[in-house]
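Source file coords-v6.cif; content: mmCIF, N, CA and C atoms.
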data_structure
loop_
_atom_site.label_atom_id
_atom_site.label_comp_id
_atom_site.auth_asym_id
_atom_site.auth_seq_id
_atom_site.Cartn_x
_atom_site.Cartn_y
_atom_site.Cartn_z
N MET R 7 9.36 2.24 3.62
CA MET R 7 8.69 1.14 2.95
C MET R 7 7.19 1.40 2.96
N ILE R 8 6.59 1.12 1.83
CA ILE R 8 5.14 1.23 1.70
C ILE R 8 4.62 -0.15 1.29
N LEU R 9 3.71 -0.69 2.07
CA LEU R 9 3.01 -1.91 1.69
C LEU R 9 1.61 -1.52 1.25
N CYS R 10 1.14 -2.11 0.17
CA CYS R 10 -0.20 -1.81 -0.32
C CYS R 10 -0.90 -3.09 -0.72
N ASP R 11 -2.20 -3.08 -0.52
CA ASP R 11 -3.01 -4.26 -0.73
C ASP R 11 -4.34 -3.84 -1.35
N LEU R 12 -4.76 -4.53 -2.39
CA LEU R 12 -6.04 -4.22 -3.04
C LEU R 12 -7.19 -4.57 -2.09
N ASP R 13 -8.15 -3.68 -2.01
CA ASP R 13 -9.28 -3.86 -1.09
C ASP R 13 -10.32 -4.81 -1.66
N HIS R 14 -10.85 -5.65 -0.78
CA HIS R 14 -11.95 -6.57 -1.12
C HIS R 14 -11.63 -7.39 -2.38
N PHE R 15 -10.40 -7.82 -2.51
CA PHE R 15 -10.00 -8.47 -3.75
C PHE R 15 -10.70 -9.82 -3.96
N LYS R 16 -10.97 -10.55 -2.89
CA LYS R 16 -11.67 -11.82 -3.05
C LYS R 16 -13.04 -11.59 -3.69
N SER R 17 -13.72 -10.54 -3.28
CA SER R 17 -15.03 -10.27 -3.88
C SER R 17 -14.91 -9.83 -5.34
N VAL R 18 -13.80 -9.21 -5.71
CA VAL R 18 -13.58 -8.88 -7.13
C VAL R 18 -13.51 -10.17 -7.94
N ASN R 19 -12.71 -11.12 -7.48
CA ASN R 19 -12.61 -12.42 -8.15
C ASN R 19 -13.94 -13.15 -8.16
N ASP R 20 -14.64 -13.14 -7.02
CA ASP R 20 -15.91 -13.86 -6.92
C ASP R 20 -17.00 -13.24 -7.78
N THR R 21 -17.01 -11.92 -7.87
CA THR R 21 -18.05 -11.21 -8.62
C THR R 21 -17.78 -11.15 -10.11
N TYR R 22 -16.54 -10.83 -10.48
CA TYR R 22 -16.22 -10.58 -11.89
C TYR R 22 -15.36 -11.66 -12.54
N GLY R 23 -14.85 -12.59 -11.74
CA GLY R 23 -14.00 -13.66 -12.25
C GLY R 23 -12.52 -13.36 -12.11
N HIS R 24 -11.73 -14.43 -12.17
CA HIS R 24 -10.29 -14.29 -11.97
C HIS R 24 -9.61 -13.53 -13.10
N ALA R 25 -10.15 -13.59 -14.30
CA ALA R 25 -9.56 -12.84 -15.41
C ALA R 25 -9.64 -11.34 -15.13
N THR R 26 -10.77 -10.87 -14.60
CA THR R 26 -10.89 -9.46 -14.24
C THR R 26 -9.99 -9.14 -13.06
N GLY R 27 -9.93 -10.05 -12.09
CA GLY R 27 -9.01 -9.86 -10.96
C GLY R 27 -7.58 -9.69 -11.43
N ASP R 28 -7.18 -10.48 -12.41
CA ASP R 28 -5.83 -10.35 -12.97
C ASP R 28 -5.63 -8.99 -13.63
N LEU R 29 -6.67 -8.49 -14.30
CA LEU R 29 -6.59 -7.17 -14.93
C LEU R 29 -6.42 -6.07 -13.88
N VAL R 30 -7.11 -6.22 -12.75
CA VAL R 30 -7.01 -5.24 -11.67
C VAL R 30 -5.60 -5.26 -11.07
N ILE R 31 -5.07 -6.44 -10.83
CA ILE R 31 -3.70 -6.55 -10.32
C ILE R 31 -2.72 -5.93 -11.30
N ALA R 32 -2.86 -6.25 -12.59
CA ALA R 32 -1.95 -5.70 -13.60
C ALA R 32 -2.09 -4.18 -13.70
N GLY R 33 -3.32 -3.68 -13.60
CA GLY R 33 -3.54 -2.24 -13.64
C GLY R 33 -2.91 -1.53 -12.45
N PHE R 34 -3.03 -2.12 -11.27
CA PHE R 34 -2.42 -1.55 -10.08
C PHE R 34 -0.90 -1.57 -10.20
N ALA R 35 -0.36 -2.69 -10.66
CA ALA R 35 1.11 -2.80 -10.84
C ALA R 35 1.60 -1.75 -11.84
N ARG R 36 0.85 -1.58 -12.91
CA ARG R 36 1.21 -0.58 -13.92
C ARG R 36 1.19 0.83 -13.30
N GLN R 37 0.17 1.11 -12.51
CA GLN R 37 0.06 2.41 -11.83
C GLN R 37 1.25 2.64 -10.91
N LEU R 38 1.63 1.63 -10.14
CA LEU R 38 2.78 1.76 -9.25
C LEU R 38 4.06 2.00 -10.03
N THR R 39 4.23 1.27 -11.11
CA THR R 39 5.43 1.40 -11.93
C THR R 39 5.51 2.78 -12.57
N LEU R 40 4.40 3.26 -13.12
CA LEU R 40 4.39 4.57 -13.77
C LEU R 40 4.63 5.71 -12.78
N ALA R 41 4.20 5.52 -11.54
CA ALA R 41 4.36 6.55 -10.51
C ALA R 41 5.70 6.48 -9.80
N SER R 42 6.48 5.45 -10.06
CA SER R 42 7.74 5.30 -9.33
C SER R 42 8.80 6.26 -9.84
N ASN R 43 9.66 6.65 -8.93
CA ASN R 43 10.78 7.53 -9.23
C ASN R 43 12.06 6.72 -9.36
N ALA R 44 13.08 7.35 -9.91
CA ALA R 44 14.38 6.69 -9.99
C ALA R 44 14.83 6.30 -8.58
N GLY R 45 15.29 5.11 -8.44
CA GLY R 45 15.77 4.63 -7.14
C GLY R 45 14.73 3.87 -6.34
N GLN R 46 13.45 4.05 -6.65
CA GLN R 46 12.43 3.29 -5.94
C GLN R 46 12.40 1.86 -6.47
N ILE R 47 12.06 0.96 -5.59
CA ILE R 47 11.92 -0.44 -5.97
C ILE R 47 10.48 -0.84 -5.70
N VAL R 48 9.79 -1.29 -6.75
CA VAL R 48 8.39 -1.69 -6.65
C VAL R 48 8.30 -3.17 -6.97
N GLY R 49 7.59 -3.92 -6.14
CA GLY R 49 7.45 -5.34 -6.41
C GLY R 49 6.18 -5.91 -5.81
N ARG R 50 5.76 -6.99 -6.40
CA ARG R 50 4.60 -7.73 -5.90
C ARG R 50 5.09 -8.70 -4.83
N VAL R 51 4.53 -8.58 -3.65
CA VAL R 51 4.91 -9.44 -2.53
C VAL R 51 4.22 -10.79 -2.65
N GLY R 52 2.99 -10.77 -3.12
CA GLY R 52 2.22 -11.99 -3.30
C GLY R 52 0.75 -11.65 -3.40
N GLY R 53 0.02 -12.45 -4.14
CA GLY R 53 -1.41 -12.20 -4.29
C GLY R 53 -1.67 -10.80 -4.78
N GLU R 54 -2.43 -10.04 -3.99
CA GLU R 54 -2.75 -8.67 -4.35
C GLU R 54 -2.01 -7.65 -3.49
N GLU R 55 -0.86 -8.06 -2.92
CA GLU R 55 -0.07 -7.18 -2.07
C GLU R 55 1.23 -6.80 -2.75
N PHE R 56 1.58 -5.51 -2.62
CA PHE R 56 2.78 -4.96 -3.24
C PHE R 56 3.60 -4.21 -2.20
N ALA R 57 4.89 -4.06 -2.48
CA ALA R 57 5.79 -3.29 -1.61
C ALA R 57 6.56 -2.29 -2.45
N ILE R 58 6.80 -1.14 -1.85
CA ILE R 58 7.60 -0.10 -2.48
C ILE R 58 8.69 0.31 -1.50
N LEU R 59 9.93 0.19 -1.94
CA LEU R 59 11.05 0.72 -1.16
C LEU R 59 11.35 2.10 -1.73
N TYR R 60 11.43 3.07 -0.86
CA TYR R 60 11.57 4.47 -1.28
C TYR R 60 12.81 5.04 -0.59
N PRO R 61 14.02 4.68 -1.08
CA PRO R 61 15.25 5.16 -0.46
C PRO R 61 15.35 6.69 -0.49
N GLY R 62 15.81 7.25 0.61
CA GLY R 62 16.02 8.68 0.70
C GLY R 62 14.79 9.48 1.09
N ALA R 63 13.64 8.83 1.15
CA ALA R 63 12.42 9.54 1.53
C ALA R 63 12.24 9.48 3.05
N ASN R 64 11.72 10.55 3.61
CA ASN R 64 11.35 10.50 5.02
C ASN R 64 9.88 10.10 5.13
N LEU R 65 9.40 9.96 6.33
CA LEU R 65 8.03 9.48 6.55
C LEU R 65 6.97 10.39 5.93
N PRO R 66 7.06 11.70 6.11
CA PRO R 66 6.05 12.57 5.46
C PRO R 66 6.05 12.46 3.94
N MET R 67 7.22 12.36 3.33
CA MET R 67 7.29 12.21 1.87
C MET R 67 6.63 10.91 1.43
N ALA R 68 6.92 9.83 2.13
CA ALA R 68 6.36 8.53 1.77
C ALA R 68 4.85 8.51 1.97
N ARG R 69 4.37 9.17 3.01
CA ARG R 69 2.93 9.23 3.26
C ARG R 69 2.23 9.99 2.14
N ILE R 70 2.78 11.13 1.75
CA ILE R 70 2.19 11.91 0.66
C ILE R 70 2.20 11.12 -0.64
N TYR R 71 3.29 10.42 -0.89
CA TYR R 71 3.38 9.58 -2.08
C TYR R 71 2.31 8.49 -2.06
N ALA R 72 2.15 7.83 -0.92
CA ALA R 72 1.14 6.77 -0.79
C ALA R 72 -0.27 7.35 -0.96
N GLU R 73 -0.52 8.53 -0.42
CA GLU R 73 -1.83 9.17 -0.59
C GLU R 73 -2.11 9.45 -2.06
N GLY R 74 -1.09 9.88 -2.79
CA GLY R 74 -1.25 10.12 -4.22
C GLY R 74 -1.57 8.84 -4.97
N LEU R 75 -0.87 7.77 -4.62
CA LEU R 75 -1.15 6.47 -5.25
C LEU R 75 -2.57 6.01 -4.94
N ARG R 76 -2.96 6.16 -3.69
CA ARG R 76 -4.30 5.74 -3.27
C ARG R 76 -5.38 6.47 -4.06
N GLY R 77 -5.26 7.78 -4.12
CA GLY R 77 -6.25 8.58 -4.82
C GLY R 77 -6.30 8.32 -6.32
N SER R 78 -5.13 8.20 -6.93
CA SER R 78 -5.10 7.99 -8.38
C SER R 78 -5.62 6.61 -8.75
N PHE R 79 -5.33 5.60 -7.92
CA PHE R 79 -5.83 4.26 -8.23
C PHE R 79 -7.35 4.21 -8.06
N ALA R 80 -7.87 4.86 -7.04
CA ALA R 80 -9.32 4.86 -6.81
C ALA R 80 -10.08 5.50 -7.97
N ALA R 81 -9.41 6.38 -8.71
CA ALA R 81 -10.05 7.06 -9.84
C ALA R 81 -9.77 6.37 -11.18
N LEU R 82 -8.94 5.34 -11.17
CA LEU R 82 -8.50 4.69 -12.40
C LEU R 82 -9.56 3.75 -12.96
N SER R 83 -9.76 3.85 -14.24
CA SER R 83 -10.62 2.90 -14.95
C SER R 83 -9.72 1.79 -15.49
N ILE R 84 -10.02 0.56 -15.15
CA ILE R 84 -9.21 -0.58 -15.57
C ILE R 84 -9.76 -1.11 -16.89
N PRO R 85 -8.97 -1.04 -17.98
CA PRO R 85 -9.44 -1.58 -19.26
C PRO R 85 -9.79 -3.07 -19.12
N GLY R 86 -10.96 -3.44 -19.59
CA GLY R 86 -11.42 -4.82 -19.51
C GLY R 86 -12.29 -5.11 -18.31
N ALA R 87 -12.26 -4.22 -17.29
CA ALA R 87 -13.14 -4.37 -16.13
C ALA R 87 -14.49 -3.76 -16.47
N PRO R 88 -15.52 -4.07 -15.71
CA PRO R 88 -16.83 -3.50 -16.00
C PRO R 88 -16.76 -1.97 -16.08
N PRO R 89 -17.38 -1.38 -17.08
CA PRO R 89 -17.36 0.08 -17.24
C PRO R 89 -17.88 0.79 -15.99
N GLY R 90 -17.18 1.83 -15.59
CA GLY R 90 -17.58 2.61 -14.42
C GLY R 90 -17.19 2.01 -13.09
N ARG R 91 -16.69 0.79 -13.09
CA ARG R 91 -16.30 0.12 -11.84
C ARG R 91 -14.87 0.50 -11.51
N THR R 92 -14.66 1.06 -10.32
CA THR R 92 -13.31 1.39 -9.87
C THR R 92 -12.97 0.52 -8.66
N PHE R 93 -11.71 0.53 -8.30
CA PHE R 93 -11.20 -0.32 -7.24
C PHE R 93 -10.34 0.53 -6.31
N THR R 94 -10.12 0.05 -5.09
CA THR R 94 -9.33 0.80 -4.12
C THR R 94 -8.24 -0.08 -3.53
N ALA R 95 -7.31 0.59 -2.86
CA ALA R 95 -6.22 -0.11 -2.18
C ALA R 95 -5.94 0.58 -0.85
N SER R 96 -5.38 -0.16 0.07
CA SER R 96 -4.98 0.34 1.38
C SER R 96 -3.46 0.33 1.47
N PHE R 97 -2.91 1.24 2.29
CA PHE R 97 -1.47 1.44 2.35
C PHE R 97 -0.98 1.54 3.78
N GLY R 98 0.16 0.91 4.04
CA GLY R 98 0.86 1.04 5.32
C GLY R 98 2.26 1.55 5.06
N VAL R 99 2.68 2.57 5.81
CA VAL R 99 3.97 3.22 5.58
C VAL R 99 4.81 3.16 6.84
N ALA R 100 6.08 2.82 6.68
CA ALA R 100 7.01 2.81 7.81
C ALA R 100 8.36 3.34 7.34
N GLU R 101 9.03 4.06 8.23
CA GLU R 101 10.37 4.60 7.94
C GLU R 101 11.41 3.78 8.69
N LEU R 102 12.47 3.42 7.99
CA LEU R 102 13.55 2.64 8.59
C LEU R 102 14.16 3.40 9.77
N GLN R 103 14.23 2.73 10.91
CA GLN R 103 14.82 3.31 12.11
C GLN R 103 16.28 2.85 12.24
N LYS R 104 17.07 3.62 12.92
CA LYS R 104 18.48 3.27 13.12
C LYS R 104 18.58 1.89 13.76
N GLY R 105 19.36 1.02 13.13
CA GLY R 105 19.59 -0.32 13.65
C GLY R 105 18.47 -1.32 13.34
N GLU R 106 17.44 -0.89 12.66
CA GLU R 106 16.31 -1.77 12.36
C GLU R 106 16.62 -2.68 11.17
N THR R 107 16.16 -3.89 11.24
CA THR R 107 16.32 -4.82 10.12
C THR R 107 15.21 -4.59 9.10
N VAL R 108 15.42 -5.05 7.88
CA VAL R 108 14.39 -4.95 6.84
C VAL R 108 13.16 -5.75 7.26
N HIS R 109 13.39 -6.88 7.90
CA HIS R 109 12.27 -7.72 8.38
C HIS R 109 11.41 -6.94 9.37
N ALA R 110 12.05 -6.25 10.32
CA ALA R 110 11.30 -5.46 11.31
C ALA R 110 10.58 -4.28 10.64
N LEU R 111 11.25 -3.65 9.68
CA LEU R 111 10.62 -2.56 8.93
C LEU R 111 9.37 -3.05 8.22
N MET R 112 9.48 -4.17 7.57
CA MET R 112 8.33 -4.72 6.84
C MET R 112 7.20 -5.10 7.81
N ALA R 113 7.56 -5.62 8.97
CA ALA R 113 6.54 -5.97 9.97
C ALA R 113 5.80 -4.72 10.44
N ARG R 114 6.50 -3.61 10.63
CA ARG R 114 5.84 -2.37 11.04
C ARG R 114 4.94 -1.82 9.93
N ALA R 115 5.43 -1.89 8.69
CA ALA R 115 4.61 -1.44 7.56
C ALA R 115 3.37 -2.33 7.43
N ASP R 116 3.52 -3.62 7.69
CA ASP R 116 2.40 -4.54 7.63
C ASP R 116 1.38 -4.24 8.73
N THR R 117 1.85 -3.88 9.91
CA THR R 117 0.95 -3.49 10.99
C THR R 117 0.15 -2.25 10.59
N ALA R 118 0.82 -1.28 9.98
CA ALA R 118 0.13 -0.07 9.52
C ALA R 118 -0.88 -0.41 8.43
N LEU R 119 -0.53 -1.33 7.53
CA LEU R 119 -1.46 -1.76 6.49
C LEU R 119 -2.69 -2.42 7.11
N TYR R 120 -2.47 -3.25 8.10
CA TYR R 120 -3.59 -3.89 8.80
C TYR R 120 -4.51 -2.84 9.42
N LEU R 121 -3.92 -1.80 10.00
CA LEU R 121 -4.73 -0.73 10.57
C LEU R 121 -5.54 0.00 9.51
N ALA R 122 -4.95 0.17 8.31
CA ALA R 122 -5.69 0.78 7.21
C ALA R 122 -6.87 -0.09 6.82
N LYS R 123 -6.67 -1.39 6.80
CA LYS R 123 -7.76 -2.30 6.45
C LYS R 123 -8.87 -2.24 7.50
N THR R 124 -8.51 -2.23 8.77
CA THR R 124 -9.52 -2.22 9.82
C THR R 124 -10.17 -0.85 9.98
N ALA R 125 -9.55 0.20 9.44
CA ALA R 125 -10.13 1.55 9.49
C ALA R 125 -11.14 1.78 8.38
N GLY R 126 -11.39 0.76 7.57
CA GLY R 126 -12.39 0.89 6.52
C GLY R 126 -11.83 0.79 5.12
N ARG R 127 -10.54 0.62 4.99
CA ARG R 127 -9.88 0.47 3.68
C ARG R 127 -9.80 1.80 2.94
N ASP R 128 -9.15 1.77 1.78
CA ASP R 128 -8.97 2.95 0.93
C ASP R 128 -8.38 4.11 1.73
N CYS R 129 -7.33 3.81 2.52
CA CYS R 129 -6.68 4.86 3.30
C CYS R 129 -5.21 4.49 3.52
N VAL R 130 -4.49 5.42 4.10
CA VAL R 130 -3.07 5.26 4.41
C VAL R 130 -2.91 5.34 5.92
N ARG R 131 -2.12 4.44 6.48
CA ARG R 131 -1.79 4.50 7.90
C ARG R 131 -0.27 4.46 8.04
N ILE R 132 0.21 5.15 9.05
CA ILE R 132 1.65 5.29 9.31
C ILE R 132 2.03 4.46 10.52
N ALA R 133 3.12 3.70 10.40
CA ALA R 133 3.61 2.90 11.52
C ALA R 133 4.33 3.81 12.52
N PRO R 134 4.23 3.50 13.78
CA PRO R 134 4.95 4.29 14.78
C PRO R 134 6.44 3.97 14.74
N ALA R 135 7.20 4.86 15.32
CA ALA R 135 8.64 4.62 15.45
C ALA R 135 8.88 3.53 16.48
N VAL R 136 10.05 2.94 16.41
CA VAL R 136 10.46 1.95 17.40
C VAL R 136 11.06 2.70 18.58
N VAL R 137 10.57 2.39 19.78
CA VAL R 137 11.08 3.03 20.99
C VAL R 137 11.65 1.94 21.88
N ASP R 138 12.96 2.01 22.12
CA ASP R 138 13.64 1.02 22.96
C ASP R 138 13.36 -0.40 22.50
N GLY R 139 13.40 -0.61 21.18
CA GLY R 139 13.26 -1.94 20.62
C GLY R 139 11.83 -2.42 20.47
N GLU R 140 10.85 -1.61 20.86
CA GLU R 140 9.45 -2.01 20.73
C GLU R 140 8.66 -0.91 20.06
N GLN R 141 7.62 -1.29 19.33
CA GLN R 141 6.76 -0.31 18.68
C GLN R 141 5.96 0.45 19.72
N ASP R 142 5.83 1.74 19.50
CA ASP R 142 4.98 2.57 20.34
C ASP R 142 3.55 2.43 19.81
N GLN R 143 2.78 1.51 20.38
CA GLN R 143 1.43 1.19 19.91
C GLN R 143 0.44 2.31 20.16
N THR R 144 0.78 3.27 20.99
CA THR R 144 -0.17 4.33 21.31
C THR R 144 -0.08 5.50 20.34
N ASN R 145 0.85 5.45 19.42
CA ASN R 145 1.09 6.64 18.59
C ASN R 145 1.01 6.35 17.10
N PHE R 146 0.04 5.58 16.66
CA PHE R 146 -0.14 5.37 15.22
C PHE R 146 -0.79 6.63 14.65
N LEU R 147 -0.13 7.21 13.66
CA LEU R 147 -0.68 8.38 13.00
C LEU R 147 -1.71 7.93 11.99
N GLN R 148 -2.83 8.61 11.91
CA GLN R 148 -3.89 8.22 10.99
C GLN R 148 -4.06 9.29 9.94
N HIS R 149 -4.13 8.85 8.71
CA HIS R 149 -4.31 9.74 7.56
C HIS R 149 -5.26 9.08 6.59
N GLY R 150 -6.04 9.90 5.91
CA GLY R 150 -6.90 9.40 4.85
C GLY R 150 -8.19 8.82 5.31
#
Write-out of the structure in structure tokens:
Amino acid sequence: MILCDLDHFKSVNDTYGHATGDLVIAGFARQLTLASNAGQIVGRVGGEEFAILYPGANLPMARIYAEGLRGSFAALSIPGAPPGRTFTASFGVAELQKGETVHALMARADTALYLAKTAGRDCVRIAPAVVDGEQDQTNFLQHG
């Protein structure tokens, strides 16, 4: 699972207006949809946050995919947004562990997303594996 969230989105709305914010959300959604492969499920979780289910992918594959999304979105020009203005997103990636619920998977991906936000945004963070029913907080892999 990959969770992604547009960076500094409140300031986008405050600076350029909600109509431009809507264009940025639509542009990001379009980018996610165009980059998706057969079998992936892409959806808007709420606000400016999206989730991607990537069945059959392992953690390194999902991380590389998220890095590609991050880089391509940061370079994307959004039609209708101020010329030359680009936007960024942060990503949290987690791999389903044996016996893990979807809720727990999403919580781990959300923790990784939070780490991406606190690391300065516009990056990808990987959630640790579950060890004996608890997250290994000492082993968050950092990328980007």
Applied to this file, what does the PyMOL selection byres ((chain R and resi 85) around 8) return in terms of residues, put as a list in words?
Leu29, Val30, Gly33, Leu82, Ser83, Ile84, Gly86, Ala87 and Pro88 of chain R
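When only N, CA and C atoms are used to measure the gap to R:Lys123, the shortest distance among R:Gln103, R:Ala68, R:Gly98, R:Ala110 belongs to R:Gly98.
Counting only C-alpha atoms, the residue from R:Arg76, R:Leu9, R:Asn43, R:Arg69 that sits nearest to R:Met112 is R:Leu9.
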Which of these residues is nearest to R:Phe79, using only C-alpha atoms: R:Ala32, R:Thr117, R:Phe93, R:Cys129?
R:Phe93
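Residues surrounding R:Tyr60 within 8 Å are Met7, Ile8, Gly45, Gln46, Ile47, Val48 and Ala68 of chain R [only N, CA and C atoms; sequence separation below 6 positions excluded].
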Six-sided padding of 4 Å per side, axis-aligned box over stretch 95-103 of chain R, centre and edges in Å, one decimal, as JSON:
{"center_x": 4.5, "center_y": 2.2, "center_z": 4.7, "size_x": 31.6, "size_y": 12.8, "size_z": 23.1}
Please give the complete set of residues from stretch 90-122 of chain R that DSSP, run on the backbone, assigns to alpha helix (DSSP H), formatted as a list in words.
Val108, His109, Ala110, Leu111, Met112, Ala113, Arg114, Ala115, Asp116, Thr117, Ala118, Leu119, Tyr120, Leu121 and Ala122 of chain R
Can you list what the PyMOL selection byres ((chain R and resi 128) around 7) grabs from this structure, as an MDAnalysis selection string?
chainID R and resid 13 76 94:97 122:123 125:127 129:130 150
